[in-house]
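Have a look at upload36.txt; it's compact mmCIF, C-alpha atoms:
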# COMPACT_ATOMS: atom_id res chain seq x y z
CA MET A 1 10.19 31.21 23.08
CA LYS A 2 7.47 32.28 20.61
CA LEU A 3 8.03 31.78 16.89
CA GLU A 4 7.60 34.40 14.21
CA HIS A 5 7.40 34.36 10.43
CA MET A 6 7.94 37.49 8.34
CA GLY A 7 7.54 39.64 11.46
CA ARG A 8 4.30 38.03 12.60
CA PRO A 9 3.72 35.54 15.43
CA LEU A 10 3.24 31.98 14.26
CA THR A 11 0.06 30.31 15.48
CA PHE A 12 -1.50 26.92 15.17
CA ARG A 13 -3.65 26.61 12.07
CA ASN A 14 -6.93 28.56 12.25
CA THR A 15 -6.29 29.66 15.83
CA ASP A 16 -4.82 32.61 17.71
CA GLN A 17 -2.70 30.32 19.89
CA ALA A 18 0.97 31.18 19.55
CA ILE A 19 3.51 28.41 18.89
CA GLU A 20 6.20 28.25 21.56
CA ILE A 21 9.39 26.21 21.58
CA PRO A 22 11.73 25.40 24.48
CA GLU A 23 14.79 27.58 24.96
CA THR A 24 16.89 24.47 25.59
CA PRO A 25 16.34 21.51 23.25
CA THR A 26 15.88 18.07 24.76
CA GLN A 27 18.04 15.15 23.70
CA LYS A 28 16.16 12.05 22.61
CA PRO A 29 17.47 8.46 22.51
CA PHE A 30 17.18 8.05 18.72
CA ARG A 31 18.65 10.20 15.98
CA ALA A 32 19.12 9.00 12.40
CA TRP A 33 19.77 9.80 8.75
CA TRP A 34 18.11 8.28 5.76
CA VAL A 35 20.85 7.16 3.34
CA SER A 36 19.12 7.21 -0.04
CA ASN A 37 20.57 4.94 -2.72
CA VAL A 38 17.90 5.21 -5.40
CA LEU A 39 19.28 7.28 -8.30
CA ASN A 40 22.53 7.33 -6.26
CA ILE A 41 21.21 10.32 -4.32
CA ASP A 42 23.61 9.82 -1.42
CA LEU A 43 26.19 7.29 -2.58
CA PRO A 44 27.80 6.37 -5.93
CA THR A 45 27.93 2.92 -7.49
CA THR A 46 30.67 0.45 -6.64
CA GLU A 47 32.23 0.72 -10.11
CA ASN A 48 34.97 2.64 -8.30
CA ILE A 49 35.02 0.62 -5.08
CA ASP A 50 37.63 2.82 -3.39
CA LEU A 51 35.52 5.92 -3.99
CA TYR A 52 32.45 4.07 -2.72
CA ARG A 53 34.17 2.94 0.47
CA ASN A 54 35.54 6.40 1.13
CA LYS A 55 32.07 7.91 0.73
CA VAL A 56 30.56 5.40 3.15
CA LEU A 57 33.29 5.93 5.74
CA CYS A 58 32.85 9.69 5.44
CA MET A 59 29.11 9.26 5.97
CA LEU A 60 29.56 7.08 9.04
CA ASP A 61 32.22 9.34 10.55
CA GLU A 62 29.92 12.33 10.06
CA ALA A 63 27.05 10.38 11.58
CA LYS A 64 29.18 9.77 14.65
CA ARG A 65 30.20 13.43 14.83
CA TRP A 66 26.56 14.47 14.69
CA GLY A 67 25.61 12.02 17.42
CA MET A 68 23.48 9.86 15.14
CA THR A 69 22.45 6.61 16.76
CA ALA A 70 21.25 4.94 13.55
CA ILE A 71 21.17 5.04 9.77
CA PHE A 72 18.34 3.90 7.52
CA PHE A 73 20.37 2.43 4.67
CA GLN A 74 18.32 1.88 1.51
CA VAL A 75 18.85 -1.68 0.29
CA ARG A 76 15.75 -2.27 -1.88
CA THR A 77 15.09 0.62 -4.25
CA THR A 78 13.28 -0.82 -7.28
CA ASN A 79 12.56 -4.50 -6.63
CA ASP A 80 16.29 -5.16 -6.28
CA ALA A 81 18.94 -5.65 -3.58
CA PHE A 82 22.04 -3.98 -2.17
CA TYR A 83 22.94 -7.27 -0.51
CA HIS A 84 23.48 -10.87 -1.52
CA SER A 85 20.10 -12.39 -2.33
CA LYS A 86 18.89 -15.57 -3.94
CA ILE A 87 15.53 -14.04 -4.87
CA ASN A 88 16.33 -10.43 -5.87
CA PRO A 89 18.97 -9.12 -8.29
CA TYR A 90 21.73 -6.75 -7.30
CA SER A 91 20.65 -3.16 -7.86
CA ARG A 92 21.72 -1.06 -10.83
CA TYR A 93 22.26 1.72 -8.27
CA LEU A 94 24.83 -0.45 -6.51
CA THR A 95 26.93 -1.76 -9.38
CA GLY A 96 25.79 0.19 -12.43
CA GLN A 97 23.96 -2.77 -13.93
CA GLU A 98 21.07 -4.74 -12.47
CA GLY A 99 22.16 -8.25 -11.55
CA LYS A 100 25.88 -7.48 -11.65
CA ALA A 101 27.63 -8.49 -8.42
CA PRO A 102 29.73 -5.98 -6.46
CA PRO A 103 33.39 -6.74 -5.63
CA SER A 104 32.39 -7.82 -2.13
CA ASP A 105 29.42 -7.97 0.24
CA VAL A 106 29.09 -4.22 0.56
CA PHE A 107 26.08 -4.21 2.87
CA MET A 108 27.73 -6.52 5.40
CA TRP A 109 30.73 -4.19 5.39
CA VAL A 110 28.47 -1.15 5.93
CA ILE A 111 26.85 -2.88 8.91
CA GLU A 112 30.23 -3.79 10.41
CA GLU A 113 31.55 -0.26 10.02
CA ALA A 114 28.40 1.17 11.56
CA LYS A 115 28.70 -1.19 14.53
CA LYS A 116 32.29 -0.05 15.11
CA ARG A 117 30.86 3.41 15.68
CA ALA A 118 27.95 2.18 17.85
CA ILE A 119 25.49 3.14 15.12
CA GLU A 120 22.44 0.98 14.38
CA CYS A 121 21.83 -0.09 10.79
CA HIS A 122 18.23 -0.46 9.62
CA ALA A 123 17.59 -1.95 6.19
CA TRP A 124 15.38 0.51 4.32
CA MET A 125 13.07 -1.29 1.90
CA ASN A 126 10.61 -0.18 -0.78
CA PRO A 127 8.22 -3.14 -0.81
CA TYR A 128 6.36 -2.57 -4.11
CA ARG A 129 8.23 -0.13 -6.37
CA VAL A 130 9.58 -1.59 -9.63
CA SER A 131 10.51 1.58 -11.54
CA ILE A 132 10.90 5.27 -10.73
CA HIS A 133 10.07 6.80 -14.12
CA GLY A 134 7.63 6.16 -16.94
CA LYS A 135 9.97 6.72 -19.88
CA LEU A 136 9.61 3.12 -21.07
CA SER A 137 6.62 0.90 -21.60
CA LYS A 138 6.07 -1.90 -19.10
CA ALA A 139 7.35 -4.49 -21.58
CA ASP A 140 10.45 -2.49 -22.52
CA TYR A 141 11.36 -1.71 -18.91
CA LEU A 142 11.00 -5.31 -17.74
CA ALA A 143 12.99 -6.54 -20.73
CA GLY A 144 15.95 -4.53 -19.42
CA CYS A 145 15.73 -6.05 -15.93
CA ASP A 146 17.80 -8.97 -14.72
CA ASP A 147 16.24 -12.40 -15.15
CA LEU A 148 16.09 -12.83 -11.36
CA ASN A 149 13.83 -9.79 -10.98
CA PHE A 150 10.43 -10.94 -9.68
CA ALA A 151 8.63 -8.37 -11.85
CA LYS A 152 10.32 -9.65 -15.00
CA ARG A 153 9.49 -13.25 -14.08
CA HIS A 154 5.88 -12.31 -13.26
CA PRO A 155 4.73 -9.36 -15.38
CA GLU A 156 1.16 -10.39 -14.63
CA HIS A 157 1.72 -9.13 -11.08
CA VAL A 158 2.91 -5.66 -12.16
CA LEU A 159 0.65 -2.57 -12.23
CA VAL A 160 1.24 0.68 -14.15
CA ASP A 161 0.18 4.05 -12.72
CA GLN A 162 -0.96 7.03 -14.77
CA LYS A 163 2.63 8.32 -15.03
CA GLY A 164 3.89 5.00 -16.34
CA LEU A 165 5.62 3.91 -13.14
CA LEU A 166 5.55 0.22 -12.31
CA ILE A 167 4.69 -1.34 -8.95
CA LEU A 168 4.04 -4.86 -7.76
CA ASN A 169 0.33 -5.49 -7.33
CA PRO A 170 -0.29 -5.35 -3.56
CA ALA A 171 -3.39 -7.57 -3.90
CA ARG A 172 -1.66 -10.62 -5.33
CA LYS A 173 -0.74 -13.47 -2.98
CA ALA A 174 2.43 -14.20 -4.95
CA VAL A 175 3.55 -10.60 -4.41
CA LYS A 176 2.85 -10.74 -0.69
CA ASP A 177 4.70 -14.03 -0.37
CA HIS A 178 7.69 -12.61 -2.26
CA ILE A 179 7.85 -9.51 -0.05
CA VAL A 180 7.70 -11.56 3.14
CA GLU A 181 10.33 -13.95 1.81
CA THR A 182 12.53 -10.96 0.91
CA MET A 183 12.31 -9.50 4.40
CA VAL A 184 12.94 -12.84 6.08
CA GLU A 185 15.96 -13.55 3.87
CA ILE A 186 17.79 -10.36 4.82
CA ALA A 187 16.79 -10.68 8.48
CA ARG A 188 18.31 -14.16 8.60
CA ASN A 189 21.51 -13.35 6.75
CA TYR A 190 22.48 -9.91 8.04
CA PRO A 191 22.87 -8.57 11.61
CA ILE A 192 20.60 -5.60 11.01
CA ASP A 193 18.79 -3.74 13.77
CA GLY A 194 15.57 -3.21 11.88
CA ILE A 195 13.55 -3.34 8.68
CA HIS A 196 12.25 0.03 7.52
CA PHE A 197 9.52 0.79 4.93
CA ASP A 198 8.98 4.29 3.57
CA ASP A 199 5.87 5.93 2.10
CA TYR A 200 5.62 4.08 -1.22
CA PHE A 201 2.61 1.80 -1.02
CA TYR A 202 -0.06 2.36 -3.68
CA PRO A 203 1.38 5.00 -6.06
CA TYR A 204 0.94 8.71 -5.42
CA ALA A 205 -0.07 9.28 -9.05
CA GLY A 206 -2.95 6.78 -8.94
CA GLY A 207 -4.61 5.50 -12.09
CA ILE A 208 -3.78 1.81 -11.67
CA ASP A 209 -6.11 -0.85 -13.00
CA ASP A 210 -6.86 -3.38 -10.25
CA GLU A 211 -10.57 -3.68 -10.93
CA ALA A 212 -10.42 -7.45 -11.46
CA ASP A 213 -8.65 -7.96 -8.13
CA TYR A 214 -11.24 -5.82 -6.36
CA LEU A 215 -14.22 -7.54 -7.97
CA GLU A 216 -12.85 -10.89 -6.88
CA LYS A 217 -13.05 -9.79 -3.24
CA ARG A 218 -15.87 -7.25 -3.38
CA ASP A 219 -18.00 -9.37 -1.08
CA ILE A 220 -15.46 -8.80 1.70
CA HIS A 221 -14.57 -5.13 1.13
CA LYS A 222 -17.26 -2.49 0.65
CA THR A 223 -15.24 -0.06 -1.44
CA LYS A 224 -12.11 -0.24 -3.54
CA GLY A 225 -10.41 1.96 -0.95
CA ASP A 226 -11.26 -0.55 1.79
CA PHE A 227 -9.95 -3.31 -0.45
CA ARG A 228 -6.63 -1.57 -1.11
CA ARG A 229 -6.07 -0.63 2.53
CA ALA A 230 -6.69 -4.25 3.51
CA GLN A 231 -3.99 -5.43 1.10
CA VAL A 232 -1.39 -3.05 2.51
CA THR A 233 -2.32 -3.78 6.12
CA GLU A 234 -2.07 -7.50 5.42
CA ILE A 235 1.53 -7.18 4.22
CA ILE A 236 2.43 -4.98 7.21
CA THR A 237 0.98 -7.60 9.54
CA ARG A 238 2.63 -10.52 7.78
CA VAL A 239 6.06 -8.87 7.63
CA GLY A 240 5.92 -7.89 11.29
CA ASP A 241 4.93 -11.40 12.36
CA ALA A 242 7.55 -13.05 10.15
CA LEU A 243 10.36 -10.84 11.40
CA LYS A 244 9.50 -11.51 15.04
CA GLU A 245 9.73 -15.24 14.33
CA VAL A 246 13.23 -14.79 12.90
CA ASN A 247 14.44 -12.39 15.58
CA PRO A 248 12.14 -11.09 18.35
CA THR A 249 14.46 -8.12 18.96
CA LEU A 250 14.45 -6.96 15.34
CA ARG A 251 12.46 -3.74 14.95
CA PHE A 252 10.00 -3.08 12.15
CA GLY A 253 9.14 0.52 11.32
CA ILE A 254 7.39 2.69 8.74
CA SER A 255 8.00 6.27 7.57
CA PRO A 256 4.66 7.21 6.00
CA PHE A 257 3.39 10.36 4.36
CA GLY A 258 2.87 12.83 7.21
CA ILE A 259 -0.93 13.17 6.99
CA TRP A 260 -3.25 10.27 7.81
CA LYS A 261 -6.50 12.22 7.36
CA ASN A 262 -7.55 15.84 7.60
CA ARG A 263 -9.82 16.84 10.47
CA ASP A 264 -12.47 18.33 8.17
CA ILE A 265 -12.74 14.94 6.48
CA ASP A 266 -12.60 12.88 9.67
CA PRO A 267 -12.73 14.37 13.21
CA ARG A 268 -9.97 11.94 14.20
CA GLY A 269 -7.63 13.55 11.68
CA SER A 270 -5.03 16.30 11.96
CA ASN A 271 -5.55 20.07 11.91
CA THR A 272 -4.57 20.29 8.25
CA ASP A 273 -6.38 21.76 5.26
CA PRO A 274 -9.05 19.50 3.72
CA THR A 275 -7.34 19.83 0.34
CA CYS A 276 -4.20 18.11 1.64
CA SER A 277 -3.36 14.65 0.40
CA GLN A 278 -4.11 11.84 2.87
CA SER A 279 -2.23 8.56 3.14
CA TYR A 280 -5.52 6.85 4.07
CA ASP A 281 -7.04 7.25 0.63
CA ASN A 282 -4.10 8.08 -1.63
CA GLN A 283 -1.45 5.52 -0.69
CA TYR A 284 -4.10 3.44 1.10
CA ALA A 285 -1.86 3.31 4.14
CA ASP A 286 -3.98 3.24 7.31
CA THR A 287 -1.15 4.40 9.54
CA ARG A 288 -3.44 5.21 12.45
CA LEU A 289 -4.64 1.60 12.49
CA TRP A 290 -1.08 0.28 12.38
CA VAL A 291 -0.21 2.29 15.48
CA LYS A 292 -3.41 1.47 17.34
CA GLU A 293 -3.06 -2.25 16.57
CA LYS A 294 0.70 -2.18 17.34
CA LEU A 295 1.54 -3.78 14.01
CA ILE A 296 4.87 -1.94 13.96
CA ASP A 297 7.55 -1.08 16.48
CA TYR A 298 8.13 2.53 15.44
CA ILE A 299 6.74 5.12 13.07
CA VAL A 300 8.53 8.07 11.41
CA PRO A 301 5.90 10.37 9.84
CA GLN A 302 7.44 12.50 7.12
CA ILE A 303 6.46 15.93 8.42
CA TYR A 304 8.29 17.81 5.70
CA TRP A 305 6.33 21.06 5.97
CA GLY A 306 7.53 24.05 7.94
CA PHE A 307 5.90 25.87 10.84
CA ALA A 308 4.61 28.53 8.43
CA HIS A 309 3.13 26.18 5.85
CA PRO A 310 -0.43 27.43 5.21
CA LEU A 311 -2.04 24.01 4.74
CA ALA A 312 -0.04 21.46 6.74
CA PRO A 313 1.90 23.24 9.50
CA PHE A 314 4.64 21.29 11.25
CA ALA A 315 3.48 22.01 14.82
CA ASP A 316 -0.12 20.90 14.20
CA LEU A 317 1.08 17.60 12.75
CA VAL A 318 3.55 16.90 15.56
CA ASN A 319 0.72 17.45 18.02
CA TRP A 320 -1.47 14.96 16.17
CA TRP A 321 1.16 12.24 15.91
CA SER A 322 2.18 12.69 19.53
CA ASP A 323 -1.43 12.24 20.64
CA LEU A 324 -1.82 9.18 18.42
CA CYS A 325 1.27 7.36 19.66
CA ARG A 326 0.87 8.16 23.36
CA ASP A 327 0.65 4.98 25.49
CA THR A 328 0.64 2.66 22.44
CA GLY A 329 4.12 1.19 22.81
CA VAL A 330 4.91 2.32 19.25
CA ASP A 331 7.92 4.64 19.27
CA LEU A 332 7.43 7.97 17.50
CA TYR A 333 10.34 9.51 15.63
CA ILE A 334 9.76 12.73 13.67
CA GLY A 335 10.87 12.74 10.03
CA HIS A 336 12.40 16.12 9.09
CA GLY A 337 12.85 17.38 5.51
CA ALA A 338 16.25 19.01 6.01
CA TYR A 339 16.82 18.92 2.26
CA ARG A 340 14.17 21.66 1.91
CA LEU A 341 16.17 24.22 3.88
CA GLY A 342 16.44 27.39 1.81
CA ASN A 343 14.44 25.84 -1.04
CA GLU A 344 10.82 26.23 0.10
CA PRO A 345 8.90 29.34 1.26
CA ASP A 346 8.32 27.82 4.71
CA TYR A 347 12.00 26.78 4.95
CA LEU A 348 13.66 30.14 4.27
CA ASN A 349 14.34 30.66 7.97
CA PRO A 350 17.76 29.09 8.57
CA LEU A 351 16.57 28.08 12.05
CA GLU A 352 13.59 26.13 10.66
CA THR A 353 14.86 22.58 11.19
CA ALA A 354 16.60 23.44 14.45
CA ASN A 355 13.34 24.93 15.72
CA GLN A 356 11.48 21.84 14.56
CA VAL A 357 13.76 19.67 16.68
CA ARG A 358 13.29 21.95 19.67
CA TYR A 359 9.52 21.83 19.33
CA ALA A 360 9.15 18.11 18.62
CA ASN A 361 11.52 17.04 21.35
CA GLY A 362 9.49 18.90 23.91
CA PHE A 363 6.91 16.08 23.70
CA PRO A 364 7.59 13.06 25.91
CA THR A 365 5.95 10.85 23.25
CA VAL A 366 8.56 11.85 20.68
CA LYS A 367 11.52 9.49 21.01
CA GLY A 368 13.78 10.81 18.29
CA ASN A 369 14.41 12.55 14.98
CA VAL A 370 15.23 11.31 11.48
CA PHE A 371 16.55 13.53 8.68
CA PHE A 372 16.28 13.32 4.91
CA THR A 373 18.80 13.07 3.52
CA PHE A 374 22.42 12.38 4.49
CA HIS A 375 24.17 14.32 1.74
CA THR A 376 22.46 17.56 2.82
CA PHE A 377 24.60 17.52 5.95
CA ILE A 378 27.79 17.09 3.92
CA ASP A 379 27.11 19.28 0.89
CA HIS A 380 25.78 22.16 2.99
CA ALA A 381 27.88 21.68 6.11
CA LYS A 382 28.83 25.36 6.24
CA ASP A 383 25.36 26.73 5.50
CA GLU A 384 23.79 28.74 8.30
CA ALA A 385 20.89 26.30 8.60
CA ILE A 386 23.09 23.23 9.08
CA VAL A 387 25.41 25.08 11.47
CA ALA A 388 22.34 26.12 13.50
CA LEU A 389 21.07 22.54 13.60
CA LYS A 390 24.45 21.27 14.79
CA ALA A 391 24.50 23.95 17.50
CA CYS A 392 21.03 22.82 18.54
CA PHE A 393 22.26 19.23 18.86
CA ASP A 394 25.37 20.24 20.77
CA GLY A 395 23.25 22.28 23.20
CA MET A 396 20.75 19.54 24.01
CA SER A 397 20.05 18.64 27.59
CA PRO A 398 19.66 14.94 28.49

Represent the structure contained in this file as structure tokens.
Amino acid sequence: MKLEHMGRPLTFRNTDQAIEIPETPTQKPFRAWWVSNVLNIDLPTTENIDLYRNKVLCMLDEAKRWGMTAIFFQVRTTNDAFYHSKINPYSRYLTGQEGKAPPSDVFMWVIEEAKKRAIECHAWMNPYRVSIHGKLSKADYLAGCDDLNFAKRHPEHVLVDQKGLLILNPARKAVKDHIVETMVEIARNYPIDGIHFDDYFYPYAGGIDDEADYLEKRDIHKTKGDFRRAQVTEIITRVGDALKEVNPTLRFGISPFGIWKNRDIDPRGSNTDPTCSQSYDNQYADTRLWVKEKLIDYIVPQIYWGFAHPLAPFADLVNWWSDLCRDTGVDLYIGHGAYRLGNEPDYLNPLETANQVRYANGFPTVKGNVFFTFHTFIDHAKDEAIVALKACFDGMSP
């Protein structure tokens, strides 16, 4: 079946080749939701524990109805914890106040309820992020953090981007040790199925001052970009190794920004416009290397652009990621931006996400689909786009 947009055939970028999708979608072994807790996007705080529990049970029951095999449950949003930790404070997005304990071990309960429904639970972590807005100065923000917060205890290891957001300095050994210790702690204490990082490495906004760190190691790394990529790759390597020591069956995965490099910049890159942002030199995440070196168990590129996007078309990016992951042993799951349905020019077609699933699942290399974010499926359950996606799922062939 050939795709059209505004009455015209859809083609791969800068070609006359028509995009075709299978009539019958193929079922893949992995299907998941991101459950976003930062800013309470998907779930409320536990200040009303009954409301919180009801929301979680509704989410899990819906996940089961949709045939989800896993959830990526966010448990580290801003250098905090949604679980009992000796080294990180409870999150303000869990209890309403950073450091305040919930009525019970909520995350353990979430895991248990997920297991009852045969749903995997992956602990979704933001390794570096300390704050999500720049409304306060570094000193004022850290002063309002709990005393257990690593950033408050070590402000010398905190960087500020040009928008005023705070992150832990990826170059500092103390930061790396803390991140590894954080991942090991939760892996030892909770029966999770995986540890999951998203796309927040070096900040999107840029403008951080790490010149002193770079100069200290300039003899090893030719450019500051090389230096930053080495810091991120080191933590990916160390976390993966540490988790395998704790539990060899525990899976470690990343959901990076959907573009590694553009082909016009590097012939190994994707068929995307040269003006597009690249994770390689914006977040300094060398995702291609991580796949090639098998530093992770799975990767979920956030391909949040539609088929008709003029700069970064969905089909071109799926092709690139499928080629990259083929025969590597790293499982490829496609990250879909379902929240954009009806809100972006390339997502006005109510069949957009359903067609994305049909197209992506036609590749043997693609092992599953992950959707951002959970509440979209509840809040818009009767919308044509969500109904079409559910019909696509129900009509999948094994």

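Minimum distance to Glu352 in chain A across A:Val184, A:Ala312, A:Ile21, A:Leu289 (counting only C-alpha atoms) occurs at A:Ile21.
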
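Residues in contact with range 270-277 of chain A at 6 Å, where all atoms listed in the file are counted and same-chain residues fewer than 4 positions away are skipped, are listed as Asn262, Arg263, Asp264, Leu311, Ala312, Asp316 and Trp320 of chain A.
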
**Asked** If I put a ball of radius 12 Å at (4.0, 7.8, 5.2) in the file's coordinates, which residues poke into it when counting all atoms listed in the file, written as a PyMOL selection string?
**Response** chain A and resi 126+196-204+253-261+277-288+290+299-304+321+334-335

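Interatomic distance, CA of Gly99 in chain A against CA of Asp146 in chain A: 5.4 Å.
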
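You will find CA of Asn369 in chain A at 25.9 Å from CA of Ile235 in chain A.
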
Please return as a tab-separated table (two decimals) with C-alpha atoms, in the frame of the given file every residue within 10 Å of (16.9, -12.7, -11.0), taking into account all atoms listed in the file and the file's own coordinates.
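In the end it all went to selection-v5.tsv:
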chain	number	residue	atom	x	y	z
A	80	ASP	CA	16.29	-5.16	-6.28
A	85	SER	CA	20.10	-12.39	-2.33
A	86	LYS	CA	18.89	-15.57	-3.94
A	87	ILE	CA	15.53	-14.04	-4.87
A	88	ASN	CA	16.33	-10.43	-5.87
A	89	PRO	CA	18.97	-9.12	-8.29
A	90	TYR	CA	21.73	-6.75	-7.30
A	98	GLU	CA	21.07	-4.74	-12.47
A	99	GLY	CA	22.16	-8.25	-11.55
A	145	CYS	CA	15.73	-6.05	-15.93
A	146	ASP	CA	17.80	-8.97	-14.72
A	147	ASP	CA	16.24	-12.40	-15.15
A	148	LEU	CA	16.09	-12.83	-11.36
A	149	ASN	CA	13.83	-9.79	-10.98
A	150	PHE	CA	10.43	-10.94	-9.68
A	151	ALA	CA	8.63	-8.37	-11.85
A	152	LYS	CA	10.32	-9.65	-15.00
A	153	ARG	CA	9.49	-13.25	-14.08

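The protein and nucleic acid residues lying at most 9 Å from His309 in chain A are Pro345, Asp346 and Tyr347 of chain A, with all atoms listed in the file considered and sequence neighbours fewer than 6 positions away removed.
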
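Between CA of Ile179 in chain A and CA of Asp161 in chain A the interatomic distance comes to 20.1 Å.
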
| task | Quick one: everything within 7 Å of Leu165 in chain A, counting only C-alpha atoms, minus sequence neighbours fewer than 6 positions away in the same chain. Send it as a list in words. | result | Ser131, Ile132, His133 and Gly134 of chain A

Of A:Leu389, A:Leu60, A:Val330, A:Val246, the one sitting nearest Glu185 in chain A when using all atoms listed in the file is A:Val246

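Here the question is which of A:Asn343, A:Ala63, A:Pro267, A:Glu211 gets nearest to Thr223 in chain A using only C-alpha atoms, and that residue is A:Glu211.
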
One residue among A:His178, A:Arg188, A:Lys244, A:Lys138 is nearest to Leu166 in chain A when using only C-alpha atoms, and that residue is A:Lys138

Judged by only C-alpha atoms, the minimum distance to Val35 in chain A among A:Lys100, A:Val110, A:Pro364, A:Ala174 is found for A:Val110

Please output range 83-103 of chain A, rebuilt to include N, CA and C atoms, as a PDB file, in the coordinates of the input.
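Now in part-v8.pdb:
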ATOM      1  N   TYR A  83      22.369  -6.211  -1.324  1.00  0.00           N
ATOM      2  CA  TYR A  83      22.940  -7.270  -0.510  1.00  0.00           C
ATOM      3  C   TYR A  83      22.839  -8.566  -1.292  1.00  0.00           C
ATOM      4  N   HIS A  84      23.541  -9.590  -0.831  1.00  0.00           N
ATOM      5  CA  HIS A  84      23.480 -10.870  -1.520  1.00  0.00           C
ATOM      6  C   HIS A  84      22.108 -11.509  -1.299  1.00  0.00           C
ATOM      7  N   SER A  85      21.438 -11.818  -2.400  1.00  0.00           N
ATOM      8  CA  SER A  85      20.100 -12.390  -2.330  1.00  0.00           C
ATOM      9  C   SER A  85      19.942 -13.484  -3.372  1.00  0.00           C
ATOM     10  N   LYS A  86      19.207 -14.498  -3.001  1.00  0.00           N
ATOM     11  CA  LYS A  86      18.890 -15.570  -3.940  1.00  0.00           C
ATOM     12  C   LYS A  86      17.585 -15.305  -4.696  1.00  0.00           C
ATOM     13  N   ILE A  87      16.849 -14.278  -4.281  1.00  0.00           N
ATOM     14  CA  ILE A  87      15.530 -14.040  -4.870  1.00  0.00           C
ATOM     15  C   ILE A  87      15.362 -12.648  -5.470  1.00  0.00           C
ATOM     16  N   ASN A  88      16.351 -11.769  -5.286  1.00  0.00           N
ATOM     17  CA  ASN A  88      16.330 -10.430  -5.870  1.00  0.00           C
ATOM     18  C   ASN A  88      17.680 -10.108  -6.485  1.00  0.00           C
ATOM     19  N   PRO A  89      17.694  -9.436  -7.634  1.00  0.00           N
ATOM     20  CA  PRO A  89      18.970  -9.120  -8.290  1.00  0.00           C
ATOM     21  C   PRO A  89      19.676  -7.949  -7.621  1.00  0.00           C
ATOM     22  N   TYR A  90      21.007  -7.925  -7.753  1.00  0.00           N
ATOM     23  CA  TYR A  90      21.730  -6.750  -7.300  1.00  0.00           C
ATOM     24  C   TYR A  90      21.211  -5.510  -8.034  1.00  0.00           C
ATOM     25  N   SER A  91      21.207  -4.393  -7.322  1.00  0.00           N
ATOM     26  CA  SER A  91      20.650  -3.160  -7.860  1.00  0.00           C
ATOM     27  C   SER A  91      21.570  -2.483  -8.868  1.00  0.00           C
ATOM     28  N   ARG A  92      20.964  -1.869  -9.873  1.00  0.00           N
ATOM     29  CA  ARG A  92      21.720  -1.060 -10.830  1.00  0.00           C
ATOM     30  C   ARG A  92      22.333   0.145 -10.131  1.00  0.00           C
ATOM     31  N   TYR A  93      21.727   0.577  -9.011  1.00  0.00           N
ATOM     32  CA  TYR A  93      22.260   1.720  -8.270  1.00  0.00           C
ATOM     33  C   TYR A  93      23.407   1.326  -7.345  1.00  0.00           C
ATOM     34  N   LEU A  94      23.677   0.028  -7.266  1.00  0.00           N
ATOM     35  CA  LEU A  94      24.830  -0.450  -6.510  1.00  0.00           C
ATOM     36  C   LEU A  94      26.026  -0.674  -7.423  1.00  0.00           C
ATOM     37  N   THR A  95      25.801  -1.359  -8.529  1.00  0.00           N
ATOM     38  CA  THR A  95      26.930  -1.760  -9.380  1.00  0.00           C
ATOM     39  C   THR A  95      26.923  -1.139 -10.768  1.00  0.00           C
ATOM     40  N   GLY A  96      25.872  -0.390 -11.104  1.00  0.00           N
ATOM     41  CA  GLY A  96      25.790   0.190 -12.430  1.00  0.00           C
ATOM     42  C   GLY A  96      24.996  -0.638 -13.416  1.00  0.00           C
ATOM     43  N   GLN A  97      24.726  -1.877 -13.059  1.00  0.00           N
ATOM     44  CA  GLN A  97      23.960  -2.770 -13.930  1.00  0.00           C
ATOM     45  C   GLN A  97      23.176  -3.750 -13.065  1.00  0.00           C
ATOM     46  N   GLU A  98      21.874  -3.831 -13.277  1.00  0.00           N
ATOM     47  CA  GLU A  98      21.070  -4.740 -12.470  1.00  0.00           C
ATOM     48  C   GLU A  98      21.531  -6.176 -12.655  1.00  0.00           C
ATOM     49  N   GLY A  99      21.724  -6.853 -11.525  1.00  0.00           N
ATOM     50  CA  GLY A  99      22.160  -8.250 -11.550  1.00  0.00           C
ATOM     51  C   GLY A  99      23.660  -8.438 -11.456  1.00  0.00           C
ATOM     52  N   LYS A 100      24.419  -7.394 -11.728  1.00  0.00           N
ATOM     53  CA  LYS A 100      25.880  -7.480 -11.650  1.00  0.00           C
ATOM     54  C   LYS A 100      26.319  -7.465 -10.191  1.00  0.00           C
ATOM     55  N   ALA A 101      27.181  -8.385  -9.814  1.00  0.00           N
ATOM     56  CA  ALA A 101      27.630  -8.490  -8.420  1.00  0.00           C
ATOM     57  C   ALA A 101      28.689  -7.441  -8.106  1.00  0.00           C
ATOM     58  N   PRO A 102      28.675  -6.907  -6.884  1.00  0.00           N
ATOM     59  CA  PRO A 102      29.730  -5.980  -6.460  1.00  0.00           C
ATOM     60  C   PRO A 102      31.008  -6.751  -6.138  1.00  0.00           C
ATOM     61  N   PRO A 103      32.125  -6.048  -5.939  1.00  0.00           N
ATOM     62  CA  PRO A 103      33.390  -6.740  -5.630  1.00  0.00           C
ATOM     63  C   PRO A 103      33.365  -7.526  -4.333  1.00  0.00           C
TER      64      PRO A 103
END
